[in-house]
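Engineer: Supplied structure: entry.cif, mmCIF, C-alpha atoms.
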data_coords
loop_
_atom_site.group_PDB
_atom_site.id
_atom_site.type_symbol
_atom_site.label_atom_id
_atom_site.label_comp_id
_atom_site.auth_asym_id
_atom_site.auth_seq_id
_atom_site.Cartn_x
_atom_site.Cartn_y
_atom_site.Cartn_z
ATOM 1 C CA MET A 679 -28.051 17.451 0.286
ATOM 2 C CA SER A 680 -26.186 14.844 -1.753
ATOM 3 C CA THR A 681 -25.178 15.817 -5.296
ATOM 4 C CA LEU A 682 -24.036 12.383 -6.505
ATOM 5 C CA SER A 683 -25.830 9.058 -6.588
ATOM 6 C CA SER A 684 -24.087 5.908 -5.358
ATOM 7 C CA ASP A 685 -23.649 4.709 -8.931
ATOM 8 C CA GLN A 686 -22.130 8.032 -9.993
ATOM 9 C CA PHE A 687 -19.748 7.923 -7.038
ATOM 10 C CA ILE A 688 -18.552 4.416 -7.890
ATOM 11 C CA SER A 689 -18.185 5.196 -11.584
ATOM 12 C CA THR A 690 -16.218 8.404 -10.961
ATOM 13 C CA LEU A 691 -14.045 6.703 -8.363
ATOM 14 C CA TYR A 692 -12.879 3.955 -10.704
ATOM 15 C CA CYS A 693 -12.769 5.933 -13.935
ATOM 16 C CA GLN A 694 -10.890 8.988 -12.671
ATOM 17 C CA ALA A 695 -8.721 7.655 -9.830
ATOM 18 C CA HIS A 696 -5.703 7.085 -12.081
ATOM 19 C CA GLN A 697 -5.728 10.781 -13.036
ATOM 20 C CA VAL A 698 -5.352 11.939 -9.432
ATOM 21 C CA PRO A 699 -1.807 12.173 -7.953
ATOM 22 C CA LEU A 700 -1.340 9.606 -5.201
ATOM 23 C CA ALA A 701 -0.561 12.308 -2.629
ATOM 24 C CA ASN A 702 -3.969 13.896 -3.303
ATOM 25 C CA PHE A 703 -6.003 10.750 -3.813
ATOM 26 C CA ARG A 704 -7.544 10.362 -0.366
ATOM 27 C CA ASP A 705 -8.547 14.031 -0.137
ATOM 28 C CA TRP A 706 -10.113 13.740 -3.586
ATOM 29 C CA ALA A 707 -11.921 10.494 -2.730
ATOM 30 C CA LEU A 708 -13.300 11.857 0.543
ATOM 31 C CA ASP A 709 -14.519 14.987 -1.218
ATOM 32 C CA LEU A 710 -16.292 12.678 -3.655
ATOM 33 C CA LEU A 711 -17.789 10.646 -0.814
ATOM 34 C CA GLN A 712 -19.027 13.827 0.847
ATOM 35 C CA GLN A 713 -21.181 14.473 -2.223
ATOM 36 C CA VAL A 714 -23.009 11.190 -1.628
ATOM 37 C CA LEU A 715 -22.961 10.888 2.156
ATOM 38 C CA PRO A 716 -22.821 14.353 3.774
ATOM 39 C CA PHE A 717 -20.373 14.878 6.646
ATOM 40 C CA ASP A 718 -18.547 17.849 8.144
ATOM 41 C CA GLY A 719 -15.128 16.316 8.730
ATOM 42 C CA ALA A 720 -13.332 13.018 8.277
ATOM 43 C CA ILE A 721 -10.146 11.114 8.998
ATOM 44 C CA TRP A 722 -8.610 8.313 6.943
ATOM 45 C CA ALA A 723 -5.579 6.493 8.306
ATOM 46 C CA THR A 724 -3.709 3.253 7.707
ATOM 47 C CA GLY A 725 -1.452 1.341 10.051
ATOM 48 C CA HIS A 726 -0.206 -2.120 10.875
ATOM 49 C CA ILE A 727 -1.588 -4.473 13.526
ATOM 50 C CA GLU A 728 1.945 -5.277 14.721
ATOM 51 C CA THR A 729 2.834 -1.697 15.583
ATOM 52 C CA GLN A 730 -0.677 -0.373 16.328
ATOM 53 C CA GLU A 731 0.565 2.896 14.838
ATOM 54 C CA PHE A 732 -0.750 4.877 11.889
ATOM 55 C CA HIS A 733 1.506 4.953 8.820
ATOM 56 C CA THR A 734 -0.607 7.496 6.956
ATOM 57 C CA GLN A 735 -2.954 10.169 8.273
ATOM 58 C CA THR A 736 -5.417 12.142 6.170
ATOM 59 C CA THR A 737 -7.874 14.686 7.552
ATOM 60 C CA VAL A 738 -10.652 16.624 5.872
ATOM 61 C CA ASP A 739 -12.035 19.726 7.608
ATOM 62 C CA VAL A 740 -10.731 18.655 11.023
ATOM 63 C CA SER A 741 -7.374 19.426 12.635
ATOM 64 C CA PRO A 742 -4.643 16.780 12.195
ATOM 65 C CA GLN A 743 -4.195 17.054 15.969
ATOM 66 C CA ILE A 744 -7.250 14.802 16.257
ATOM 67 C CA PHE A 745 -4.917 11.809 15.813
ATOM 68 C CA ALA A 746 -2.901 12.750 18.897
ATOM 69 C CA SER A 747 -6.130 13.214 20.857
ATOM 70 C CA LEU A 748 -7.424 9.826 19.725
ATOM 71 C CA LYS A 749 -4.196 8.145 20.829
ATOM 72 C CA GLU A 750 -4.253 9.856 24.224
ATOM 73 C CA THR A 751 -7.850 8.771 24.894
ATOM 74 C CA LEU A 752 -7.665 5.291 23.354
ATOM 75 C CA ALA A 753 -8.024 3.560 26.731
ATOM 76 C CA ILE A 754 -11.360 5.253 27.438
ATOM 77 C CA ASN A 755 -12.770 5.101 23.893
ATOM 78 C CA PRO A 756 -15.424 2.335 23.757
ATOM 79 C CA ILE A 757 -15.882 2.504 20.002
ATOM 80 C CA PHE A 758 -12.542 0.832 19.259
ATOM 81 C CA ASP A 759 -13.499 -2.433 20.929
ATOM 82 C CA ALA A 760 -16.743 -2.461 18.939
ATOM 83 C CA LEU A 761 -14.837 -1.752 15.729
ATOM 84 C CA LYS A 762 -12.381 -4.595 16.313
ATOM 85 C CA GLN A 763 -15.232 -7.019 16.954
ATOM 86 C CA THR A 764 -17.046 -6.091 13.747
ATOM 87 C CA PRO A 765 -14.363 -5.195 11.148
ATOM 88 C CA GLY A 766 -15.709 -3.576 8.004
ATOM 89 C CA ARG A 767 -18.958 -2.533 9.629
ATOM 90 C CA PRO A 768 -19.558 1.167 10.388
ATOM 91 C CA ILE A 769 -20.157 1.841 14.080
ATOM 92 C CA ASP A 770 -21.985 4.905 15.366
ATOM 93 C CA MET A 771 -20.725 6.217 18.706
ATOM 94 C CA ALA A 772 -24.363 6.708 19.681
ATOM 95 C CA ASP A 773 -24.902 2.941 19.357
ATOM 96 C CA VAL A 774 -21.988 2.216 21.708
ATOM 97 C CA ILE A 775 -22.638 4.750 24.458
ATOM 98 C CA SER A 776 -25.765 6.763 25.157
ATOM 99 C CA ASP A 777 -25.763 10.474 24.389
ATOM 100 C CA GLU A 778 -26.326 11.275 28.059
ATOM 101 C CA LYS A 779 -23.182 9.398 29.085
ATOM 102 C CA PHE A 780 -21.097 10.369 26.060
ATOM 103 C CA TYR A 781 -21.496 14.136 26.342
ATOM 104 C CA ALA A 782 -20.574 13.979 30.043
ATOM 105 C CA HIS A 783 -17.668 11.601 29.408
ATOM 106 C CA PRO A 784 -13.972 12.681 29.468
ATOM 107 C CA LEU A 785 -13.654 11.159 25.984
ATOM 108 C CA TYR A 786 -16.001 13.807 24.588
ATOM 109 C CA THR A 787 -14.571 16.728 26.555
ATOM 110 C CA LYS A 788 -10.920 15.836 25.843
ATOM 111 C CA CYS A 789 -11.020 14.352 22.360
ATOM 112 C CA PHE A 790 -14.047 15.521 20.399
ATOM 113 C CA LYS A 791 -15.469 18.715 21.903
ATOM 114 C CA PRO A 792 -12.283 20.750 21.226
ATOM 115 C CA TYR A 793 -12.756 20.040 17.494
ATOM 116 C CA GLY A 794 -16.506 20.695 17.462
ATOM 117 C CA ILE A 795 -17.267 17.011 16.827
ATOM 118 C CA GLU A 796 -20.705 15.893 17.953
ATOM 119 C CA ARG A 797 -21.536 12.791 15.878
ATOM 120 C CA ILE A 798 -19.146 9.976 14.918
ATOM 121 C CA LEU A 799 -19.479 7.151 12.404
ATOM 122 C CA SER A 800 -16.368 4.980 12.210
ATOM 123 C CA SER A 801 -15.123 1.734 10.676
ATOM 124 C CA ILE A 802 -11.950 -0.356 10.686
ATOM 125 C CA HIS A 803 -10.952 -2.622 7.838
ATOM 126 C CA THR A 804 -8.141 -5.165 8.356
ATOM 127 C CA ASN A 805 -6.267 -7.203 5.774
ATOM 128 C CA GLU A 806 -5.368 -10.332 7.720
ATOM 129 C CA ARG A 807 -2.717 -11.403 5.199
ATOM 130 C CA SER A 808 -0.736 -8.179 5.166
ATOM 131 C CA GLY A 809 -1.585 -6.934 8.651
ATOM 132 C CA ILE A 810 -2.527 -3.517 7.273
ATOM 133 C CA PHE A 811 -5.588 -1.884 8.817
ATOM 134 C CA THR A 812 -7.560 1.150 7.681
ATOM 135 C CA LEU A 813 -9.545 3.484 9.909
ATOM 136 C CA LEU A 814 -12.108 5.762 8.308
ATOM 137 C CA THR A 815 -14.299 8.011 10.439
ATOM 138 C CA LEU A 816 -16.912 10.560 9.436
ATOM 139 C CA TYR A 817 -17.800 13.452 11.739
ATOM 140 C CA ARG A 818 -20.727 15.817 12.035
ATOM 141 C CA TYR A 819 -20.607 19.045 14.018
ATOM 142 C CA ASP A 820 -24.367 19.356 14.629
ATOM 143 C CA ARG A 821 -25.525 17.227 17.560
ATOM 144 C CA ASP A 822 -29.049 17.153 16.172
ATOM 145 C CA ASN A 823 -27.854 15.734 12.840
ATOM 146 C CA GLY A 824 -27.061 12.125 13.653
ATOM 147 C CA PHE A 825 -26.306 9.371 11.156
ATOM 148 C CA SER A 826 -29.384 7.461 10.010
ATOM 149 C CA ALA A 827 -29.591 3.698 9.518
ATOM 150 C CA GLU A 828 -29.699 4.263 5.757
ATOM 151 C CA GLU A 829 -26.527 6.359 5.898
ATOM 152 C CA LYS A 830 -24.714 3.653 7.862
ATOM 153 C CA MET A 831 -25.625 1.073 5.227
ATOM 154 C CA LEU A 832 -24.568 3.492 2.503
ATOM 155 C CA GLN A 833 -21.194 4.066 4.141
ATOM 156 C CA GLN A 834 -20.540 0.341 4.382
ATOM 157 C CA SER A 835 -21.390 -0.154 0.716
ATOM 158 C CA LEU A 836 -19.364 2.782 -0.577
ATOM 159 C CA LEU A 837 -16.323 2.190 1.610
ATOM 160 C CA PHE A 838 -15.740 -1.145 -0.083
ATOM 161 C CA HIS A 839 -15.276 0.672 -3.388
ATOM 162 C CA LEU A 840 -13.322 3.486 -1.738
ATOM 163 C CA LEU A 841 -10.734 1.071 -0.341
ATOM 164 C CA CYS A 842 -10.518 -0.960 -3.554
ATOM 165 C CA ALA A 843 -9.842 2.207 -5.532
ATOM 166 C CA ASP A 844 -7.253 3.330 -2.983
ATOM 167 C CA THR A 845 -5.407 0.004 -3.238
ATOM 168 C CA HIS A 846 -5.513 0.156 -7.029
ATOM 169 C CA ARG A 847 -4.130 3.704 -7.027
ATOM 170 C CA GLN A 848 -1.283 2.680 -4.737
ATOM 171 C CA MET A 849 -0.424 -0.265 -6.970
ATOM 172 C CA LEU A 850 -0.276 2.036 -10.003
ATOM 173 C CA ALA A 851 2.140 4.232 -8.085
ATOM 174 C CA LEU A 852 4.208 1.185 -7.148
ATOM 175 C CA GLU A 853 4.497 0.101 -10.763
ATOM 176 C CA SER A 854 5.687 3.524 -11.881
ATOM 177 C CA THR A 855 8.100 3.807 -8.943
ATOM 178 C CA SER A 856 9.664 0.375 -9.207
ATOM 179 C CA GLY A 857 10.377 0.764 -12.919
ATOM 180 C CA ASP A 858 10.568 -3.028 -13.154
ATOM 181 C CA SER A 859 8.207 -4.843 -15.467
ATOM 182 C CA GLN A 860 9.392 -8.158 -14.028
ATOM 183 C CA GLY A 861 8.183 -8.993 -10.551
ATOM 184 C CA VAL A 862 5.653 -7.563 -8.128
ATOM 185 C CA SER A 863 6.172 -4.811 -5.577
ATOM 186 C CA ALA A 864 5.219 -3.640 -2.117
ATOM 187 C CA ILE A 865 6.069 -0.650 0.061
ATOM 188 C CA VAL A 866 7.774 -1.518 3.354
ATOM 189 C CA ASP A 867 9.507 0.298 6.183
ATOM 190 C CA ASN A 868 12.934 -0.523 7.618
ATOM 191 C CA LYS A 869 11.364 -3.221 9.809
ATOM 192 C CA GLY A 870 9.934 -5.034 6.792
ATOM 193 C CA ILE A 871 6.376 -4.039 7.744
ATOM 194 C CA TYR A 872 3.994 -3.476 4.843
ATOM 195 C CA HIS A 873 2.610 -0.038 4.130
ATOM 196 C CA ALA A 874 1.112 -0.978 0.750
ATOM 197 C CA VAL A 875 0.860 -4.403 -0.842
ATOM 198 C CA ASN A 876 -1.393 -6.414 -3.133
ATOM 199 C CA ASN A 877 -2.374 -10.072 -3.250
ATOM 200 C CA ASP A 878 -0.070 -10.933 -6.184
ATOM 201 C CA TYR A 879 2.920 -10.014 -4.040
ATOM 202 C CA LEU A 880 1.596 -11.925 -1.022
ATOM 203 C CA ASP A 881 0.825 -14.991 -3.139
ATOM 204 C CA LEU A 882 4.410 -15.132 -4.376
ATOM 205 C CA ILE A 883 6.017 -14.427 -1.007
ATOM 206 C CA GLU A 884 3.936 -16.906 0.982
ATOM 207 C CA SER A 885 4.772 -19.710 -1.435
ATOM 208 C CA TYR A 886 8.488 -19.511 -0.653
ATOM 209 C CA ILE A 887 9.167 -17.694 2.635
ATOM 210 C CA GLU A 888 7.583 -18.207 6.034
ATOM 211 C CA ASN A 889 8.961 -15.084 7.742
ATOM 212 C CA GLN A 890 9.882 -12.680 4.978
ATOM 213 C CA GLN A 891 9.480 -9.641 7.262
ATOM 214 C CA ALA A 892 12.523 -10.615 9.332
ATOM 215 C CA ALA A 893 14.540 -11.437 6.207
ATOM 216 C CA VAL A 894 13.730 -8.104 4.556
ATOM 217 C CA ALA A 895 14.498 -6.140 7.747
ATOM 218 C CA GLU A 896 17.889 -7.841 8.005
ATOM 219 C CA PHE A 897 18.865 -7.009 4.426
ATOM 220 C CA ILE A 898 17.675 -3.396 4.790
ATOM 221 C CA ALA A 899 19.826 -3.066 7.919
ATOM 222 C CA GLN A 900 22.804 -4.312 5.880
ATOM 223 C CA GLY A 901 22.145 -1.659 3.244
ATOM 224 C CA MET A 902 21.678 -4.184 0.450
ATOM 225 C CA GLN A 903 19.904 -3.082 -2.731
ATOM 226 C CA GLN A 904 19.445 -6.588 -4.098
ATOM 227 C CA PHE A 905 19.413 -9.950 -2.390
ATOM 228 C CA ALA A 906 18.131 -13.468 -2.862
ATOM 229 C CA VAL A 907 16.151 -15.657 -0.488
ATOM 230 C CA GLY A 908 15.712 -19.192 -1.748
ATOM 231 C CA GLU A 909 14.104 -18.978 -5.171
ATOM 232 C CA LEU A 910 13.252 -15.286 -4.873
ATOM 233 C CA VAL A 911 15.253 -12.218 -5.879
ATOM 234 C CA PHE A 912 14.465 -8.944 -4.081
ATOM 235 C CA THR A 913 15.307 -5.419 -5.190
ATOM 236 C CA LEU A 914 15.079 -2.458 -2.790
ATOM 237 C CA LYS A 915 14.696 1.176 -3.833
ATOM 238 C CA PRO A 916 14.363 4.071 -1.354
ATOM 239 C CA HIS A 917 10.940 5.739 -1.405
ATOM 240 C CA GLY A 918 11.177 8.683 0.991
ATOM 241 C CA GLU A 919 11.546 7.127 4.452
ATOM 242 C CA LEU A 920 10.168 3.842 3.076
ATOM 243 C CA PHE A 921 11.298 1.330 0.454
ATOM 244 C CA VAL A 922 9.814 -0.097 -2.718
ATOM 245 C CA LEU A 923 10.470 -3.833 -2.498
ATOM 246 C CA THR A 924 10.218 -5.700 -5.802
ATOM 247 C CA VAL A 925 10.384 -9.484 -5.866
ATOM 248 C CA ARG A 926 10.574 -12.042 -8.662
ATOM 249 C CA LEU A 927 11.482 -15.673 -9.095
ATOM 250 C CA THR A 928 15.132 -16.423 -9.823
ATOM 251 C CA HIS A 929 16.071 -16.723 -13.483
ATOM 252 C CA ALA A 930 18.835 -18.615 -15.237
ATOM 253 C CA LEU A 931 20.466 -15.285 -16.093
ATOM 254 C CA ASP A 932 20.918 -14.585 -12.374
ATOM 255 C CA LYS A 933 23.872 -16.999 -12.502
ATOM 256 C CA LEU A 934 25.849 -14.543 -14.622
ATOM 257 C CA THR A 935 28.417 -12.030 -13.416
ATOM 258 C CA GLN A 936 27.898 -8.315 -14.059
ATOM 259 C CA ARG A 937 30.327 -8.421 -17.017
ATOM 260 C CA GLU A 938 28.582 -11.454 -18.485
ATOM 261 C CA SER A 939 25.238 -9.710 -18.088
ATOM 262 C CA GLU A 940 26.598 -6.693 -19.979
ATOM 263 C CA ILE A 941 27.669 -8.947 -22.830
ATOM 264 C CA VAL A 942 24.265 -10.648 -22.891
ATOM 265 C CA GLN A 943 22.662 -7.212 -23.108
ATOM 266 C CA GLY A 944 24.827 -6.386 -26.123
ATOM 267 C CA ILE A 945 23.975 -9.689 -27.806
ATOM 268 C CA CYS A 946 20.256 -9.091 -27.267
ATOM 269 C CA GLN A 947 20.625 -5.640 -28.830
ATOM 270 C CA GLY A 948 22.065 -7.267 -31.962
ATOM 271 C CA GLN A 949 25.610 -5.969 -31.521
ATOM 272 C CA THR A 950 28.666 -7.737 -32.977
ATOM 273 C CA PHE A 951 31.639 -8.919 -30.909
ATOM 274 C CA LYS A 952 33.574 -5.830 -32.052
ATOM 275 C CA GLN A 953 30.769 -3.467 -31.051
ATOM 276 C CA ILE A 954 30.365 -5.096 -27.629
ATOM 277 C CA ALA A 955 34.134 -5.123 -27.107
ATOM 278 C CA LYS A 956 34.419 -1.427 -27.959
ATOM 279 C CA SER A 957 31.583 -0.397 -25.652
ATOM 280 C CA LEU A 958 33.012 -2.398 -22.734
ATOM 281 C CA GLY A 959 36.683 -1.646 -23.356
ATOM 282 C CA LEU A 960 37.533 -5.289 -24.069
ATOM 283 C CA SER A 961 39.071 -7.206 -26.944
ATOM 284 C CA PRO A 962 36.775 -9.202 -29.252
ATOM 285 C CA SER A 963 38.509 -12.417 -28.161
ATOM 286 C CA THR A 964 37.728 -11.631 -24.495
ATOM 287 C CA VAL A 965 34.075 -11.123 -25.407
ATOM 288 C CA SER A 966 34.134 -14.456 -27.222
ATOM 289 C CA ASN A 967 35.598 -16.187 -24.161
ATOM 290 C CA HIS A 968 32.933 -14.634 -21.928
ATOM 291 C CA LEU A 969 30.224 -15.819 -24.299
ATOM 292 C CA TYR A 970 31.609 -19.364 -24.220
ATOM 293 C CA ARG A 971 31.348 -19.382 -20.402
ATOM 294 C CA ILE A 972 27.841 -17.900 -20.615
ATOM 295 C CA TYR A 973 26.737 -20.742 -22.890
ATOM 296 C CA ASN A 974 28.147 -23.284 -20.457
ATOM 297 C CA LYS A 975 26.451 -21.681 -17.437
ATOM 298 C CA LEU A 976 23.093 -21.545 -19.176
ATOM 299 C CA ASN A 977 23.458 -24.891 -20.963
ATOM 300 C CA ILE A 978 22.744 -23.387 -24.388
ATOM 301 C CA ASN A 979 24.600 -23.395 -27.707
ATOM 302 C CA SER A 980 23.603 -20.356 -29.760
ATOM 303 C CA ARG A 981 22.842 -16.651 -29.816
ATOM 304 C CA SER A 982 19.224 -17.353 -30.693
ATOM 305 C CA GLU A 983 18.805 -19.487 -27.563
ATOM 306 C CA LEU A 984 20.408 -16.746 -25.463
ATOM 307 C CA VAL A 985 18.069 -14.085 -26.860
ATOM 308 C CA ALA A 986 15.044 -16.345 -26.309
ATOM 309 C CA LEU A 987 16.128 -16.999 -22.697
ATOM 310 C CA SER A 988 16.511 -13.269 -22.074
ATOM 311 C CA GLN A 989 12.993 -12.382 -23.176
#
Mind converting the file's structure to structure tokens?
Structural biologist:
Amino acid sequence: MSTLSSDQFISTLYCQAHQVPLANFRDWALDLLQQVLPFDGAIWATGHIETQEFHTQTTVDVSPQIFASLKETLAINPIFDALKQTPGRPIDMADVISDEKFYAHPLYTKCFKPYGIERILSSIHTNERSGIFTLLTLYRYDRDNGFSAEEKMLQQSLLFHLLCADTHRQMLALESTSGDSQGVSAIVDNKGIYHAVNNDYLDLIESYIENQQAAVAEFIAQGMQQFAVGELVFTLKPHGELFVLTVRLTHALDKLTQRESEIVQGICQGQTFKQIAKSLGLSPSTVSNHLYRIYNKLNINSRSELVALSQ
């Protein structure tokens, strides 16, 4: 018996998602979904079409070993071909293979029966731009309790909001992790493959770089924390085994050396030559000479122009 209406589910999902820690978000969201569309177990995983491997794996009331079983029986699982042909649309195993054949099939005996799974409703969603795909499957353990046509339509409708909320929650986490108000971010692995990304990032990247994945992988291999490609400046920060990759357009201030940047920072904070010199261990005349070169590099003539350029 459902305890939430579709509208209540959607409202709660969007209004409360930001309060849920990212590590717990998918468990929380699936628990919420279960109150609208009853199921006994579920899996939610993301991967990349290039690797055909899952980057993240979430299970609810089913053993995580189900993922290994799914991989081992992929070649004999007919639902995956149906899913790839109709991305975004929930597919019931019973609509792909008859019950008589399914329950006598090695797929059932090897992959699903050991976990008590009797009914399967699955969907794959693929972002063609990023290459990220999402698999979400709902399970029922009672063979006599199949998924109705209404429940399939409900899943398709609610999963749209579920995935939108998941993307939004990941982007919030990216913003807090990157700590950079300038630029847009993505999460990548050491091969430059996306694990989380939004359209703002893709819009910027695709305007300037044809094969940014190879470029990013090369710089990661070199251990670089910041690098430039054409008109873009990238910053890499470790994020567990992954990396937060922040990108922005080049700025006039990127021409400056580290010392010159330190002096600009002091100027923007309203410090005098003496104050800047003391904090950097320089003489006031050296600071003045640096500032002269800064003006020349940036083609400006005053402190006020420098402060305006830095904002």
Engineer: Tell me which protein, DNA and RNA residues are within 12 Å of Asp709 (chain A), counting all atoms listed in the file, leaving out same-chain ones fewer than 2 positions away, and put them as number ranges by chain.
Structural biologist: A: 680-682, 687, 690-691, 702-707, 711-721, 737-739, 816, 840
Engineer: Could you write out that same residue set with C-alpha atoms as an mmCIF file, keeping the file's coordinate frame?
Structural biologist:
data_model
loop_
_atom_site.group_PDB
_atom_site.id
_atom_site.type_symbol
_atom_site.label_atom_id
_atom_site.label_comp_id
_atom_site.auth_asym_id
_atom_site.auth_seq_id
_atom_site.Cartn_x
_atom_site.Cartn_y
_atom_site.Cartn_z
ATOM 1 C CA SER A 680 -26.186 14.844 -1.753
ATOM 2 C CA THR A 681 -25.178 15.817 -5.296
ATOM 3 C CA LEU A 682 -24.036 12.383 -6.505
ATOM 4 C CA PHE A 687 -19.748 7.923 -7.038
ATOM 5 C CA THR A 690 -16.218 8.404 -10.961
ATOM 6 C CA LEU A 691 -14.045 6.703 -8.363
ATOM 7 C CA ASN A 702 -3.969 13.896 -3.303
ATOM 8 C CA PHE A 703 -6.003 10.750 -3.813
ATOM 9 C CA ARG A 704 -7.544 10.362 -0.366
ATOM 10 C CA ASP A 705 -8.547 14.031 -0.137
ATOM 11 C CA TRP A 706 -10.113 13.740 -3.586
ATOM 12 C CA ALA A 707 -11.921 10.494 -2.730
ATOM 13 C CA LEU A 711 -17.789 10.646 -0.814
ATOM 14 C CA GLN A 712 -19.027 13.827 0.847
ATOM 15 C CA GLN A 713 -21.181 14.473 -2.223
ATOM 16 C CA VAL A 714 -23.009 11.190 -1.628
ATOM 17 C CA LEU A 715 -22.961 10.888 2.156
ATOM 18 C CA PRO A 716 -22.821 14.353 3.774
ATOM 19 C CA PHE A 717 -20.373 14.878 6.646
ATOM 20 C CA ASP A 718 -18.547 17.849 8.144
ATOM 21 C CA GLY A 719 -15.128 16.316 8.730
ATOM 22 C CA ALA A 720 -13.332 13.018 8.277
ATOM 23 C CA ILE A 721 -10.146 11.114 8.998
ATOM 24 C CA THR A 737 -7.874 14.686 7.552
ATOM 25 C CA VAL A 738 -10.652 16.624 5.872
ATOM 26 C CA ASP A 739 -12.035 19.726 7.608
ATOM 27 C CA LEU A 816 -16.912 10.560 9.436
ATOM 28 C CA LEU A 840 -13.322 3.486 -1.738
#
Engineer: From the list A:Gly809, A:Ser689, A:Ile865, A:Ala760, which residue is nearest Gln730 (chain A) when using only C-alpha atoms?
Structural biologist: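 With only C-alpha atoms as the atom set, the closest residue is A:Gly809.
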Engineer: Using all atoms listed in the file, which of A:Val922, A:Leu761, A:Ile883, A:Ile945 sits nearest Thr804 (chain A)?
Structural biologist: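 Using all atoms listed in the file, the shortest distance to Thr804 (chain A) belongs to A:Leu761.
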Engineer: For the structure shown, which residues end up in the PyMOL selection byres ((chain A and resi 755) around 12)? Put them as a list in words, please?
Structural biologist: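 Expected selection for the PyMOL selection byres ((chain A and resi 755) around 12) here is Ser747, Leu748, Lys749, Glu750, Thr751, Leu752, Ala753, Ile754, Pro756, Ile757, Phe758, Asp759, Ala760, Leu761, Met771, Val774, Ile775, Phe780, His783, Pro784, Leu785, Tyr786, Lys788, Cys789 and Phe790 of chain A.
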Engineer: Given the PyMOL selection byres ((chain A and resi 877) around 12) and the file above, list the residues it selects as a VMD selection string.
Structural biologist: chain A and resid 805 to 808 845 to 846 849 862 to 864 874 to 876 878 to 884
Engineer: Just say which residues the PyMOL selection byres ((chain A and resi 978-983) around 12) picks in this file, as a compact mmCIF listing (two decimals) with C-alpha atoms, in the frame of the given file.
Structural biologist:
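The resulting file, expr_18.txt, is shown below:
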# COMPACT_ATOMS: atom_id res chain seq x y z
CA ALA A 930 18.84 -18.61 -15.24
CA LEU A 931 20.47 -15.28 -16.09
CA ILE A 941 27.67 -8.95 -22.83
CA VAL A 942 24.26 -10.65 -22.89
CA GLN A 943 22.66 -7.21 -23.11
CA GLY A 944 24.83 -6.39 -26.12
CA ILE A 945 23.98 -9.69 -27.81
CA CYS A 946 20.26 -9.09 -27.27
CA GLN A 947 20.62 -5.64 -28.83
CA GLY A 948 22.06 -7.27 -31.96
CA GLN A 949 25.61 -5.97 -31.52
CA THR A 950 28.67 -7.74 -32.98
CA PHE A 951 31.64 -8.92 -30.91
CA SER A 966 34.13 -14.46 -27.22
CA LEU A 969 30.22 -15.82 -24.30
CA TYR A 970 31.61 -19.36 -24.22
CA ARG A 971 31.35 -19.38 -20.40
CA ILE A 972 27.84 -17.90 -20.62
CA TYR A 973 26.74 -20.74 -22.89
CA ASN A 974 28.15 -23.28 -20.46
CA LYS A 975 26.45 -21.68 -17.44
CA LEU A 976 23.09 -21.54 -19.18
CA ASN A 977 23.46 -24.89 -20.96
CA LEU A 984 20.41 -16.75 -25.46
CA VAL A 985 18.07 -14.08 -26.86
CA ALA A 986 15.04 -16.34 -26.31
CA LEU A 987 16.13 -17.00 -22.70
CA SER A 988 16.51 -13.27 -22.07
CA GLN A 989 12.99 -12.38 -23.18
Engineer: Kindly indicate which residue among A:Ala782, A:Ala843, A:Ile802, A:Ile769 lies nearest to Lys830 (chain A), using only C-alpha atoms for the distances.
Structural biologist: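 Nearest candidate to Lys830 (chain A) out of A:Ala782, A:Ala843, A:Ile802, A:Ile769: A:Ile769.
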Engineer: Select all residues near (18.4, -10.6, 6.4) (cut-off 12 Å, inclusive, file coordinates), counting all atoms listed in the file, and output them as an mmCIF file with C-alpha atoms, in the frame of the given file.
Structural biologist:
data_model
loop_
_atom_site.group_PDB
_atom_site.id
_atom_site.type_symbol
_atom_site.label_atom_id
_atom_site.label_comp_id
_atom_site.auth_asym_id
_atom_site.auth_seq_id
_atom_site.Cartn_x
_atom_site.Cartn_y
_atom_site.Cartn_z
ATOM 1 C CA ASN A 868 12.934 -0.523 7.618
ATOM 2 C CA LYS A 869 11.364 -3.221 9.809
ATOM 3 C CA GLY A 870 9.934 -5.034 6.792
ATOM 4 C CA ASN A 889 8.961 -15.084 7.742
ATOM 5 C CA GLN A 890 9.882 -12.680 4.978
ATOM 6 C CA GLN A 891 9.480 -9.641 7.262
ATOM 7 C CA ALA A 892 12.523 -10.615 9.332
ATOM 8 C CA ALA A 893 14.540 -11.437 6.207
ATOM 9 C CA VAL A 894 13.730 -8.104 4.556
ATOM 10 C CA ALA A 895 14.498 -6.140 7.747
ATOM 11 C CA GLU A 896 17.889 -7.841 8.005
ATOM 12 C CA PHE A 897 18.865 -7.009 4.426
ATOM 13 C CA ILE A 898 17.675 -3.396 4.790
ATOM 14 C CA ALA A 899 19.826 -3.066 7.919
ATOM 15 C CA GLN A 900 22.804 -4.312 5.880
ATOM 16 C CA GLY A 901 22.145 -1.659 3.244
ATOM 17 C CA MET A 902 21.678 -4.184 0.450
ATOM 18 C CA GLN A 903 19.904 -3.082 -2.731
ATOM 19 C CA GLN A 904 19.445 -6.588 -4.098
ATOM 20 C CA PHE A 905 19.413 -9.950 -2.390
ATOM 21 C CA ALA A 906 18.131 -13.468 -2.862
ATOM 22 C CA VAL A 907 16.151 -15.657 -0.488
ATOM 23 C CA PHE A 912 14.465 -8.944 -4.081
#
Engineer: Using 8 Å of padding on each side, determine the axis-aligned box around all atoms of region 843-846 of chain A present in the file and give its centre and edge lengths in Å to one decimal, as JSON.
Structural biologist:
{"center_x": -7.6, "center_y": 1.7, "center_z": -5.0, "size_x": 20.4, "size_y": 19.3, "size_z": 20.0}
Engineer: Using CA of Ala695 (chain A) and CA of Leu708 (chain A) as the two end points, give the distance in Å to one decimal.
Structural biologist: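 CA of Leu708 (chain A) lies 12.1 Å from CA of Ala695 (chain A).
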